[in-house]
$ cat coords_20.txt   # compact mmCIF, C-alpha atoms (C1' of nucleotides)
# COMPACT_ATOMS: atom_id res chain seq x y z
CA MET K 65 109.98 195.66 147.93
CA VAL K 66 109.79 192.25 146.39
CA VAL K 67 112.57 192.69 143.86
CA ASP K 68 110.62 191.54 140.86
CA GLY K 69 107.62 189.70 142.08
CA ILE K 70 110.11 187.12 143.16
CA ALA K 71 110.47 187.01 146.90
CA ASP K 72 106.99 187.20 148.35
CA GLU K 73 105.42 183.79 148.39
CA THR K 74 107.64 182.72 145.56
CA GLY K 75 109.28 180.16 147.72
CA ASP K 76 106.40 177.85 146.97
CA ILE K 77 106.79 178.31 143.25
CA VAL K 78 110.54 177.86 143.28
CA ASP K 79 110.08 174.81 145.48
CA ARG K 80 107.70 173.28 142.96
CA LEU K 81 109.94 174.22 140.07
CA PHE K 82 113.07 172.60 141.43
CA HIS K 83 111.18 169.69 142.89
CA ALA K 84 109.68 168.96 139.49
CA LEU K 85 113.14 169.05 137.94
CA ALA K 86 114.57 166.72 140.56
CA ASP K 87 113.33 163.58 138.86
CA GLY K 88 114.81 161.90 135.82
CA THR K 89 111.51 160.69 134.45
CA ARG K 90 110.07 164.17 134.63
CA ARG K 91 113.11 165.72 132.97
CA ASP K 92 112.76 163.13 130.26
CA ILE K 93 109.10 164.01 129.79
CA LEU K 94 110.13 167.63 129.43
CA ARG K 95 112.55 166.71 126.66
CA ARG K 96 109.98 164.66 124.84
CA CYS K 97 107.24 167.24 124.94
CA VAL K 98 108.88 170.16 123.19
CA ARG K 99 106.78 169.67 120.09
CA GLY K 100 103.69 169.11 122.16
CA GLU K 101 102.51 166.23 120.01
CA LEU K 102 102.45 163.60 122.72
CA SER K 103 99.32 162.60 124.56
CA VAL K 104 99.59 161.37 128.12
CA SER K 105 98.86 157.83 126.95
CA ARG K 106 101.55 157.93 124.32
CA LEU K 107 103.97 159.34 126.85
CA ALA K 108 103.05 156.65 129.32
CA ALA K 109 103.85 153.99 126.75
CA ALA K 110 107.45 155.17 126.79
CA TYR K 111 108.03 154.38 130.44
CA PRO K 112 108.04 151.17 132.43
CA MET K 113 105.33 152.37 134.74
CA SER K 114 101.59 152.70 134.75
CA PHE K 115 99.58 155.36 132.97
CA ALA K 116 98.52 156.71 136.35
CA ALA K 117 102.12 157.19 137.44
CA VAL K 118 102.99 159.14 134.31
CA HIS K 119 99.79 161.10 134.69
CA LYS K 120 100.95 162.13 138.14
CA HIS K 121 104.37 163.14 136.83
CA VAL K 122 102.71 165.32 134.23
CA ALA K 123 100.57 166.84 136.95
CA VAL K 124 103.68 167.71 138.94
CA LEU K 125 105.23 169.34 135.88
CA GLU K 126 102.02 171.22 135.23
CA ARG K 127 101.78 172.55 138.78
CA ALA K 128 105.38 173.72 138.43
CA GLY K 129 104.46 175.57 135.27
CA LEU K 130 106.83 173.48 133.18
CA VAL K 131 104.25 172.05 130.82
CA THR K 132 100.79 172.90 129.60
CA LYS K 133 98.08 170.56 128.35
CA GLU K 134 95.90 171.11 125.33
CA ARG K 135 92.94 168.93 124.61
CA ARG K 136 92.61 167.46 121.13
CA GLY K 137 89.58 165.26 120.91
CA ARG K 138 89.78 162.72 123.64
CA GLU K 139 93.51 163.14 123.95
CA GLN K 140 95.40 165.63 126.06
CA LEU K 141 98.57 166.85 124.38
CA VAL K 142 101.42 167.76 126.69
CA ARG K 143 103.72 170.58 125.69
CA THR K 144 106.80 171.89 127.42
CA ASP K 145 106.52 175.57 128.17
CA PRO K 146 109.27 177.33 126.20
CA ASP K 147 109.76 179.87 128.97
CA ALA K 148 110.04 177.20 131.63
CA VAL K 149 113.80 176.85 131.59
CA GLY K 150 114.09 180.60 131.56
CA ARG K 151 112.11 180.71 134.76
CA ALA K 152 114.31 178.11 136.40
CA ARG K 153 117.35 180.00 135.23
CA ARG K 154 116.01 183.17 136.74
CA ALA K 155 115.57 181.40 140.06
CA LEU K 156 119.22 180.42 139.88
CA ASP K 157 120.18 183.94 138.88
CA GLU K 158 118.41 185.28 141.91
CA LEU K 159 120.29 182.88 144.11
CA GLU K 160 123.56 183.80 142.46
CA SER K 161 122.98 187.53 142.53
CA ALA K 162 122.04 187.34 146.18
CA TRP K 163 125.37 185.94 147.08
CA ARG K 164 127.23 188.02 144.59
CA ALA K 165 125.76 190.99 146.45
CA ARG K 166 127.14 189.53 149.66
CA VAL K 167 130.59 189.26 148.21
CA ASP K 168 130.38 192.80 146.92
CA ARG K 169 129.30 194.03 150.33
CA MET K 170 132.16 192.18 151.91
CA SER K 171 134.58 193.84 149.49
CA GLY K 172 133.11 197.17 150.47
CA LEU K 173 133.68 196.46 154.14
CA LEU K 174 137.24 195.43 153.51
CA ALA K 175 137.78 198.75 151.76
CA GLU K 176 136.28 200.71 154.64
CA ASP K 177 138.21 198.73 157.21
CA ASP K 178 135.41 199.17 159.72
CA ASP K 179 132.35 197.07 160.46
CA GLY K 180 131.64 197.93 164.06
CA GLY K 181 127.93 198.46 163.61
CA GLY K 182 127.40 201.28 161.20
CA GLY K 183 127.67 199.48 157.94
CA PRO K 184 124.80 198.09 155.90
CA ARG K 185 124.70 194.72 157.56
CA ALA K 186 122.97 192.40 155.08
CA PRO K 187 119.38 193.03 156.15
CA ASP K 188 117.45 189.86 155.53
CA LEU K 189 118.04 188.29 152.15
CA ARG K 190 115.56 185.52 152.72
CA GLU K 191 112.70 184.79 150.42
CA ASN K 192 110.34 182.79 152.55
CA THR K 193 107.77 184.80 154.34
CA THR K 194 105.01 182.24 154.58
CA LYS K 195 106.35 178.75 154.98
CA GLY K 196 109.98 179.66 155.30
CA PRO K 197 112.38 178.90 158.07
CA ASP K 198 111.19 181.80 160.15
CA GLY K 199 107.57 180.83 159.72
CA MET D 182 135.04 159.32 129.26
CA VAL D 183 131.66 160.49 130.21
CA VAL D 184 131.29 163.50 127.95
CA ASP D 185 131.96 166.00 130.67
CA GLY D 186 131.03 164.14 133.73
CA ILE D 187 127.50 164.72 132.57
CA ALA D 188 125.63 161.85 131.00
CA ASP D 189 126.73 158.67 132.67
CA GLU D 190 125.11 158.20 136.02
CA THR D 191 124.59 161.89 136.23
CA GLY D 192 120.90 161.49 136.66
CA ASP D 193 121.60 160.81 140.29
CA ILE D 194 123.72 163.91 140.61
CA VAL D 195 121.22 166.14 138.86
CA ASP D 196 118.49 164.63 141.01
CA ARG D 197 120.41 165.52 144.14
CA LEU D 198 121.23 168.96 142.83
CA PHE D 199 117.67 169.99 142.06
CA HIS D 200 116.30 168.22 145.08
CA ALA D 201 118.67 170.17 147.30
CA LEU D 202 117.53 173.40 145.66
CA ALA D 203 113.87 172.54 146.10
CA ASP D 204 113.73 173.70 149.70
CA GLY D 205 113.57 177.26 150.92
CA THR D 206 115.61 176.65 154.03
CA ARG D 207 118.38 175.06 152.02
CA ARG D 208 118.40 177.89 149.48
CA ASP D 209 118.63 180.30 152.39
CA ILE D 210 121.56 178.39 153.82
CA LEU D 211 123.25 178.66 150.45
CA ARG D 212 122.83 182.42 150.49
CA ARG D 213 124.18 182.75 153.99
CA CYS D 214 127.25 180.62 153.42
CA VAL D 215 128.96 182.45 150.60
CA ARG D 216 131.62 183.81 152.88
CA GLY D 217 131.98 180.46 154.57
CA GLU D 218 132.22 181.96 158.03
CA LEU D 219 129.22 180.23 159.51
CA SER D 220 129.46 177.12 161.61
CA VAL D 221 126.60 174.66 161.61
CA SER D 222 125.63 175.78 165.10
CA ARG D 223 125.57 179.41 164.13
CA LEU D 224 123.54 178.55 161.06
CA ALA D 225 121.14 176.51 163.15
CA ALA D 226 120.56 179.47 165.44
CA ALA D 227 119.09 181.33 162.48
CA TYR D 228 116.22 178.90 161.93
CA PRO D 229 113.25 177.88 164.02
CA MET D 230 114.29 174.27 164.03
CA SER D 231 116.69 172.03 165.86
CA PHE D 232 120.40 171.81 165.26
CA ALA D 233 119.94 168.28 164.00
CA ALA D 234 117.48 169.43 161.36
CA VAL D 235 119.82 172.10 160.06
CA HIS D 236 122.66 169.61 160.21
CA LYS D 237 120.63 167.35 157.90
CA HIS D 238 119.92 170.20 155.50
CA VAL D 239 123.63 170.94 155.31
CA ALA D 240 124.28 167.26 154.64
CA VAL D 241 121.81 167.34 151.75
CA LEU D 242 123.54 170.40 150.32
CA GLU D 243 126.89 168.73 150.76
CA ARG D 244 125.82 165.54 148.99
CA ALA D 245 124.57 167.70 146.14
CA GLY D 246 127.95 169.38 145.92
CA LEU D 247 126.50 172.78 146.74
CA VAL D 248 128.52 173.41 149.89
CA THR D 249 131.75 172.23 151.41
CA LYS D 250 132.71 172.03 155.07
CA GLU D 251 136.00 173.08 156.56
CA ARG D 252 136.93 172.29 160.11
CA ARG D 253 138.19 175.12 162.28
CA GLY D 254 138.84 173.93 165.76
CA ARG D 255 135.67 172.28 167.02
CA GLU D 256 133.56 174.15 164.54
CA GLN D 257 132.73 173.13 161.02
CA LEU D 258 132.48 176.09 158.69
CA VAL D 259 130.03 175.76 155.83
CA ARG D 260 130.85 177.43 152.56
CA THR D 261 128.80 177.62 149.40
CA ASP D 262 130.69 176.25 146.43
CA PRO D 263 131.16 179.13 143.99
CA ASP D 264 130.80 176.77 141.05
CA ALA D 265 127.62 175.26 142.39
CA VAL D 266 125.22 177.53 140.58
CA GLY D 267 127.25 177.06 137.45
CA ARG D 268 126.67 173.35 137.69
CA ALA D 269 122.95 173.77 138.19
CA ARG D 270 122.89 176.14 135.27
CA ARG D 271 124.68 173.62 133.11
CA ALA D 272 122.09 171.03 134.01
CA LEU D 273 119.43 173.44 132.80
CA ASP D 274 121.48 174.19 129.70
CA GLU D 275 121.63 170.52 128.93
CA LEU D 276 117.89 170.28 129.27
CA GLU D 277 117.40 173.31 127.11
CA SER D 278 119.89 172.33 124.45
CA ALA D 279 118.34 168.88 124.27
CA TRP D 280 115.05 170.31 123.25
CA ARG D 281 116.54 173.05 121.20
CA ALA D 282 118.26 170.27 119.26
CA ARG D 283 114.88 168.63 118.80
CA VAL D 284 113.41 171.79 117.43
CA ASP D 285 116.41 172.27 115.15
CA ARG D 286 116.14 168.73 113.92
CA MET D 287 112.49 169.23 113.24
CA SER D 288 113.30 172.32 111.22
CA GLY D 289 115.93 170.35 109.37
CA LEU D 290 113.44 167.67 108.51
CA LEU D 291 111.00 170.21 107.23
CA ALA D 292 113.74 171.61 104.98
CA GLU D 293 114.99 168.26 103.71
CA ASP D 294 111.55 166.78 103.40
CA ASP D 295 113.11 163.33 103.70
CA ASP D 296 114.43 161.38 106.66
CA GLY D 297 114.55 157.81 105.41
CA GLY D 298 117.50 156.81 107.59
CA GLY D 299 120.55 158.81 106.61
CA GLY D 300 120.54 161.72 108.98
CA PRO D 301 121.80 161.82 112.54
CA ARG D 302 118.63 160.65 114.15
CA ALA D 303 118.64 161.87 117.77
CA PRO D 304 120.59 159.01 119.25
CA ASP D 305 119.15 158.69 122.68
CA LEU D 306 118.78 162.01 124.38
CA ARG D 307 118.10 160.48 127.72
CA GLU D 308 120.35 160.79 130.71
CA ASN D 309 119.23 157.94 132.88
CA THR D 310 121.01 154.73 132.25
CA THR D 311 120.78 153.20 135.68
CA LYS D 312 117.62 154.23 137.44
CA GLY D 313 115.95 155.91 134.51
CA PRO D 314 112.53 155.33 133.05
CA ASP D 315 113.80 152.64 130.77
CA GLY D 316 115.47 150.80 133.59
C1' DC M 139 73.81 152.27 121.05
C1' DT M 140 77.92 149.87 122.24
C1' DA M 141 82.66 149.11 122.41
C1' DA M 142 87.21 150.90 122.75
C1' DC M 143 90.19 154.44 124.01
C1' DG M 144 92.00 158.22 126.79
C1' DT M 145 91.69 160.71 130.85
C1' DA M 146 90.94 161.56 135.71
C1' DC M 147 90.77 160.40 140.30
C1' DA M 148 90.44 157.66 144.66
C1' DA M 149 92.34 154.21 147.75
C1' DC M 150 96.15 151.93 149.10
C1' DC M 151 101.21 150.85 150.02
C1' DA M 152 106.40 151.19 150.64
C1' DA M 153 109.99 154.27 150.88
C1' DA M 154 111.87 158.77 151.39
C1' DT M 155 111.64 163.50 153.68
C1' DG M 156 111.74 166.63 157.24
C1' DG M 157 111.32 167.13 161.63
C1' DT M 158 111.97 165.71 166.71
C1' DT M 159 114.78 163.96 170.96
C1' DG M 160 118.56 161.69 172.96
C1' DT M 161 123.23 160.30 173.21
C1' DA M 162 128.07 159.92 172.29
C1' DG M 163 132.76 161.87 170.59
C1' DA M 164 135.94 165.70 169.81
C1' DT M 165 137.71 170.01 170.94
C1' DG M 166 138.89 174.24 173.48
C1' DG M 167 138.67 177.24 177.81
C1' DG M 168 139.06 178.04 182.92
C1' DC P 249 141.15 167.91 184.89
C1' DC P 250 136.40 169.24 184.29
C1' DC P 251 133.01 171.56 181.84
C1' DA P 252 130.83 173.75 178.07
C1' DT P 253 130.38 173.70 173.15
C1' DC P 254 130.04 171.84 168.67
C1' DT P 255 129.41 168.01 165.85
C1' DA P 256 127.62 163.58 164.49
C1' DC P 257 124.49 160.04 164.46
C1' DA P 258 120.69 156.86 165.81
C1' DA P 259 115.89 156.10 166.79
C1' DC P 260 111.51 157.58 166.19
C1' DC P 261 107.33 159.97 164.12
C1' DA P 262 104.16 162.40 160.69
C1' DT P 263 103.79 163.70 156.10
C1' DT P 264 104.90 163.47 151.32
C1' DT P 265 106.28 160.96 147.22
C1' DG P 266 106.15 157.68 143.75
C1' DG P 267 104.27 153.83 142.57
C1' DT P 268 100.26 150.41 142.23
C1' DT P 269 95.20 148.92 141.06
C1' DG P 270 90.51 149.88 140.31
C1' DT P 271 86.83 152.63 138.79
C1' DA P 272 84.22 156.31 136.61
C1' DC P 273 83.60 159.50 132.92
C1' DG P 274 83.96 161.69 128.23
C1' DT P 275 84.82 161.09 123.43
C1' DT P 276 85.40 158.79 119.12
C1' DA P 277 84.67 154.74 116.01
C1' DG P 278 81.73 151.14 114.28

$ encode --input "coords_20.txt" --output "C-alpha cells"
Amino acid sequence: MVVDGIADETGDIVDRLFHALADGTRRDILRRCVRGELSVSRLAAAYPMSFAAVHKHVAVLERAGLVTKERRGREQLVRTDPDAVGRARRALDELESAWRARVDRMSGLLAEDDDGGGGPRAPDLRENTTKGPDG
Amino acid sequence: MVVDGIADETGDIVDRLFHALADGTRRDILRRCVRGELSVSRLAAAYPMSFAAVHKHVAVLERAGLVTKERRGREQLVRTDPDAVGRARRALDELESAWRARVDRMSGLLAEDDDGGGGPRAPDLRENTTKGPDG
DNA sequence: CTAACGTACAACCAAATGGTTGTAGATGGG
DNA sequence: CCCATCTACAACCATTTGGTTGTACGTTAG
C-alpha cells in the first residue's frame, strides 16, 4: 500500500525536488521561465556565471521535473512546469499529514489511557525503501 | 522591515530549509519527532548509521528551523517545529505567487496593449541580495 | 559552403556533504 | 566516588556539487 504512488521509491524524486529548490539561482530560473520564452543562452546571460553552469542548473531542474525544454530552431526554450509547485506542496502535505496522523494517534491513546502493547503502534511511516536509512 | 522576514537575506534561510528537506533520513527524523519524546541517541538507534551522523542530521534540521532541542537531564529531546511545514509552504507560495504575478501581468499587458513605462513593472522579483545570481 | 550561434558534454578543480572513528564533557545511577 | 550514558565536536575520507574551460555538434544566416 503505497498511499498514492508516493512512498515506494519516491524518496529519490522528493530528494531531487527539494534539492533543486535549495538553490537561489535555480529558484530564480524557475521564476523567470513561467512564460517559457527564455532559451538557455538568454537565461545564462542573466547570471554572473558561465553558460555551462546555467545549463547544469537547468538540467537539475529538469531532472526534478520542475521545468521542461522545448526546442525552437537551434534554441531550447525552458518552461517552468505549472504543476511543479503543486508536486512540491504535495510532498509537504505528505510530511504534514504523516505527523498529523501521529498526533491524532497520540490523542487516541490518551483517550484510551492504555498503551501497554495492544494499541496500533505507528507501524513504519518511513518512505525510503531503496536508499533510505534502513537500506 | 523585511516584508515578513522573507525577502532580505532569506535566500540563505530558504536554501537551508529546502536543503534540509532534500534528504530522506532527515524527513524521516521530522516525522518521528512530532511528539518530541525522542532523544538523539534513541533517534540514532533507528538508523543504520552512527550516532554522530544522526547528530549531524539533527543539526542540519535545527539550523533550518525545522526542529528544536530541549534538554531533559542528560538527554536532548528533539521536537519537530509545528510551524516548520508552514514556513516551507510559504516559501513555495512565494515562488508560486511570483510567477502567478508574472502571468497576471502578462495578461494585463495583453489587455492594455501598451506598457510604455507607466505600469508597475515587476520591480525585482528576486530574493537573493547577498549571495544571489547577481552578486 | 562558411561563419556565427546555441547547445551539449567532458575534464578538471575547490568546497560542501554525508559518512566514519575517536575523544572529551556533562549528567545520572549504584 | 566510579561508571555508564548521552551529547558534542574534531579529524579524516569518499562522493557530490557548483563552478570553470575547452571542444564538438547541429542549426540558421549570409

$ atom_distance --input "coords_20.txt" --atom1 "CA of Val215 in chain D" --atom2 "C1' of DC257 in chain P"
26.7 Å

$ closest_residue --input "coords_20.txt" --among "K:Ala148, K:Leu102, K:Leu159, K:Ile93" --to "Ala123 in chain K" --atoms "all atoms listed in the file"
K:Ile93

$ residues_around --input "coords_20.txt" --residues "Glu126 in chain K" --least-positions-apart "5" --cutoff "10 Å" --atoms "all atoms listed in the file" --output "MDAnalysis selection string"
chainID K and resid 80:81 84 120:121 131:133 142:145

$ residues_around --input "coords_20.txt" --residues "Ala225 in chain D" --least-positions-apart "5" --cutoff "12 Å" --atoms "all atoms listed in the file" --output "list in words"
Pro197 and Asp198 of chain K; Thr206, Arg207, Asp209, Ile210, Arg213, Leu219, Ser220, Met230, Ser231, Phe232, Ala233, Ala234, Val235, His236, Lys237, His238, Val239 and Val259 of chain D; DC254 of chain P

$ atom_distance --input "coords_20.txt" --atom1 "CA of Glu275 in chain D" --atom2 "CA of Ala152 in chain K"
12.9 Å

$ residues_around --input "coords_20.txt" --residues "DT265 in chain P" --least-positions-apart "6" --cutoff "9 Å" --atoms "all atoms listed in the file" --output "JSON, numbers by chain"
{"M": [153, 154, 155]}

$ interface_residues --input "coords_20.txt" --of "chain M" --to "chain K" --cutoff "10 Å" --atoms "all atoms listed in the file" --output "PDB file with C-alpha atoms (C1' of nucleotides), in the coordinates of the input"
ATOM      1  C1'  DC M 143      90.190 154.440 124.010  1.00  0.00           C
ATOM      2  C1'  DG M 144      92.000 158.220 126.790  1.00  0.00           C
ATOM      3  C1'  DT M 145      91.690 160.710 130.850  1.00  0.00           C
ATOM      4  C1'  DA M 146      90.940 161.560 135.710  1.00  0.00           C
ATOM      5  C1'  DC M 147      90.770 160.400 140.300  1.00  0.00           C
TER       6       DC M 147
END

$ interface_residues --input "coords_20.txt" --of "chain D" --to "chain K" --cutoff "6 Å" --atoms "only C-alpha atoms" --output "mmCIF file with C-alpha atoms, keeping the file's coordinate frame"
data_model
loop_
_atom_site.group_PDB
_atom_site.id
_atom_site.type_symbol
_atom_site.label_atom_id
_atom_site.label_comp_id
_atom_site.auth_asym_id
_atom_site.auth_seq_id
_atom_site.Cartn_x
_atom_site.Cartn_y
_atom_site.Cartn_z
ATOM 1 C CA ASP D 196 118.490 164.630 141.010
ATOM 2 C CA PHE D 199 117.670 169.990 142.060
ATOM 3 C CA HIS D 200 116.300 168.220 145.080
ATOM 4 C CA ALA D 203 113.870 172.540 146.100
ATOM 5 C CA ASP D 204 113.730 173.700 149.700
ATOM 6 C CA THR D 206 115.610 176.650 154.030
ATOM 7 C CA ARG D 212 122.830 182.420 150.490
ATOM 8 C CA TYR D 228 116.220 178.900 161.930
ATOM 9 C CA PRO D 229 113.250 177.880 164.020
ATOM 10 C CA TRP D 280 115.050 170.310 123.250
ATOM 11 C CA PRO D 314 112.530 155.330 133.050
#

$ closest_residue --input "coords_20.txt" --among "P:DA262, P:DA272, P:DA256, P:DA277" --to "chain D" --atoms "only C-alpha atoms (C1' of nucleotides)"
P:DA256

$ closest_atom_pairs --input "coords_20.txt" --of "chain P" --to "chain K" --cutoff "9 Å" --atoms "all atoms listed in the file" --output "Markdown table"
| residue | atom | partner | partner_atom | distance |
| --- | --- | --- | --- | --- |
| P:DG266 | C1' | K:Ala117 | CA | 7.5 |
| P:DG267 | C1' | K:Ala117 | CA | 6.5 |
| P:DT268 | C1' | K:Ser114 | CA | 7.9 |
| P:DG274 | C1' | K:Arg138 | CA | 7.5 |
| P:DT275 | C1' | K:Arg138 | CA | 5.2 |
| P:DT276 | C1' | K:Arg138 | CA | 7.4 |

$ atom_distance --input "coords_20.txt" --atom1 "C1' of DA258 in chain P" --atom2 "C1' of DG156 in chain M"
15.8 Å

$ residues_around --input "coords_20.txt" --residues "DG167 in chain M" --least-positions-apart "3" --cutoff "12 Å" --atoms "only C-alpha atoms (C1' of nucleotides)" --output "PyMOL selection string"
chain P and resi 249-253

$ decode --input "coords_20.txt" --residues "range 256-272 of chain P" --atoms "N, CA, C and O atoms (P, O5', C5', C4', C3', O3' and C1' of nucleotides)" --output "tab-separated table (two decimals), in the first residue's frame"
chain	number	residue	atom	x	y	z
P	256	DA	P	24.06	18.13	22.12
P	256	DA	O5'	25.61	18.34	21.85
P	256	DA	C5'	26.43	18.91	22.87
P	256	DA	C4'	27.88	18.89	22.41
P	256	DA	C3'	28.09	19.40	20.98
P	256	DA	O3'	28.97	20.51	21.02
P	256	DA	C1'	29.26	17.38	21.36
P	257	DC	P	29.16	21.48	19.76
P	257	DC	O5'	30.63	21.09	19.25
P	257	DC	C5'	31.67	20.91	20.20
P	257	DC	C4'	32.76	20.05	19.60
P	257	DC	C3'	33.09	20.38	18.13
P	257	DC	O3'	34.47	20.59	18.02
P	257	DC	C1'	32.93	18.08	18.47
P	258	DA	P	35.00	21.55	16.81
P	258	DA	O5'	36.48	21.00	16.59
P	258	DA	C5'	37.15	20.34	17.66
P	258	DA	C4'	37.94	19.16	17.12
P	258	DA	C3'	38.47	19.36	15.71
P	258	DA	O3'	39.82	18.94	15.67
P	258	DA	C1'	37.26	17.36	15.80
P	259	DA	P	40.76	19.47	14.50
P	259	DA	O5'	41.15	18.12	13.75
P	259	DA	C5'	41.53	17.00	14.52
P	259	DA	C4'	41.45	15.75	13.67
P	259	DA	C3'	41.90	15.96	12.22
P	259	DA	O3'	42.81	14.93	11.87
P	259	DA	C1'	39.77	14.93	12.29
P	260	DC	P	43.67	15.03	10.51
P	260	DC	O5'	42.90	13.99	9.58
P	260	DC	C5'	42.70	12.66	10.06
P	260	DC	C4'	41.63	12.00	9.24
P	260	DC	C3'	41.80	12.14	7.73
P	260	DC	O3'	42.16	10.88	7.17
P	260	DC	C1'	39.53	12.34	8.42
P	261	DC	P	42.66	10.82	5.61
P	261	DC	O5'	41.37	10.24	4.89
P	261	DC	C5'	40.73	9.08	5.41
P	261	DC	C4'	39.46	8.81	4.61
P	261	DC	C3'	39.61	9.08	3.12
P	261	DC	O3'	39.20	7.96	2.37
P	261	DC	C1'	37.72	10.22	3.98
P	262	DA	P	39.40	7.97	0.77
P	262	DA	O5'	37.88	8.01	0.28
P	262	DA	C5'	36.97	7.01	0.76
P	262	DA	C4'	35.61	7.24	0.15
P	262	DA	C3'	35.58	7.41	-1.37
P	262	DA	O3'	34.37	6.83	-1.87
P	262	DA	C1'	34.84	9.42	-0.35
P	263	DT	P	34.13	6.86	-3.47
P	263	DT	O5'	32.97	7.93	-3.62
P	263	DT	C5'	31.87	7.88	-2.70
P	263	DT	C4'	31.00	9.10	-2.85
P	263	DT	C3'	30.68	9.48	-4.30
P	263	DT	O3'	29.28	9.60	-4.40
P	263	DT	C1'	31.43	11.37	-3.08
P	264	DT	P	28.60	9.91	-5.84
P	264	DT	O5'	28.13	11.43	-5.63
P	264	DT	C5'	27.56	11.78	-4.38
P	264	DT	C4'	27.32	13.27	-4.28
P	264	DT	C3'	26.78	13.94	-5.54
P	264	DT	O3'	25.73	14.80	-5.12
P	264	DT	C1'	28.69	15.07	-4.79
P	265	DT	P	24.81	15.57	-6.21
P	265	DT	O5'	25.31	17.08	-6.08
P	265	DT	C5'	25.94	17.48	-4.88
P	265	DT	C4'	26.24	18.97	-4.86
P	265	DT	C3'	25.69	19.79	-6.02
P	265	DT	O3'	25.41	21.08	-5.52
P	265	DT	C1'	28.05	19.86	-6.08
P	266	DG	P	24.53	22.12	-6.32
P	266	DG	O5'	25.58	23.21	-6.83
P	266	DG	C5'	26.33	23.94	-5.88
P	266	DG	C4'	27.41	24.72	-6.60
P	266	DG	C3'	26.94	25.40	-7.89
P	266	DG	O3'	27.49	26.71	-7.95
P	266	DG	C1'	28.79	24.01	-8.34
P	267	DG	P	26.91	27.72	-9.07
P	267	DG	O5'	28.12	27.81	-10.12
P	267	DG	C5'	29.19	28.66	-9.82
P	267	DG	C4'	30.52	28.10	-10.29
P	267	DG	C3'	30.85	28.22	-11.79
P	267	DG	O3'	31.20	29.55	-12.13
P	267	DG	C1'	31.72	26.22	-10.84
P	268	DT	P	31.29	29.93	-13.70
P	268	DT	O5'	32.69	29.28	-14.13
P	268	DT	C5'	33.90	29.71	-13.50
P	268	DT	C4'	35.06	28.85	-13.98
P	268	DT	C3'	35.28	28.86	-15.49
P	268	DT	O3'	36.19	29.91	-15.84
P	268	DT	C1'	35.38	26.62	-14.62
P	269	DT	P	36.24	30.40	-17.33
P	269	DT	O5'	36.91	29.17	-18.10
P	269	DT	C5'	38.27	28.82	-17.82
P	269	DT	C4'	38.66	27.60	-18.64
P	269	DT	C3'	38.63	27.84	-20.16
P	269	DT	O3'	39.89	27.49	-20.72
P	269	DT	C1'	37.37	25.89	-19.59
P	270	DG	P	40.19	27.81	-22.24
P	270	DG	O5'	39.80	26.43	-22.94
P	270	DG	C5'	40.28	25.22	-22.39
P	270	DG	C4'	39.75	24.03	-23.19
P	270	DG	C3'	39.64	24.28	-24.69
P	270	DG	O3'	40.17	23.17	-25.40
P	270	DG	C1'	37.54	23.56	-23.83
P	271	DT	P	40.35	23.22	-27.01
P	271	DT	O5'	39.25	22.20	-27.50
P	271	DT	C5'	39.04	20.99	-26.77
P	271	DT	C4'	37.75	20.32	-27.22
P	271	DT	C3'	37.50	20.42	-28.72
P	271	DT	O3'	37.12	19.14	-29.19
P	271	DT	C1'	35.60	21.11	-27.52
P	272	DA	P	37.28	18.79	-30.79
P	272	DA	O5'	35.87	18.14	-31.13
P	272	DA	C5'	35.27	17.26	-30.18
P	272	DA	C4'	33.76	17.25	-30.37
P	272	DA	C3'	33.32	17.31	-31.84
P	272	DA	O3'	32.29	16.35	-32.03
P	272	DA	C1'	32.27	19.02	-30.62
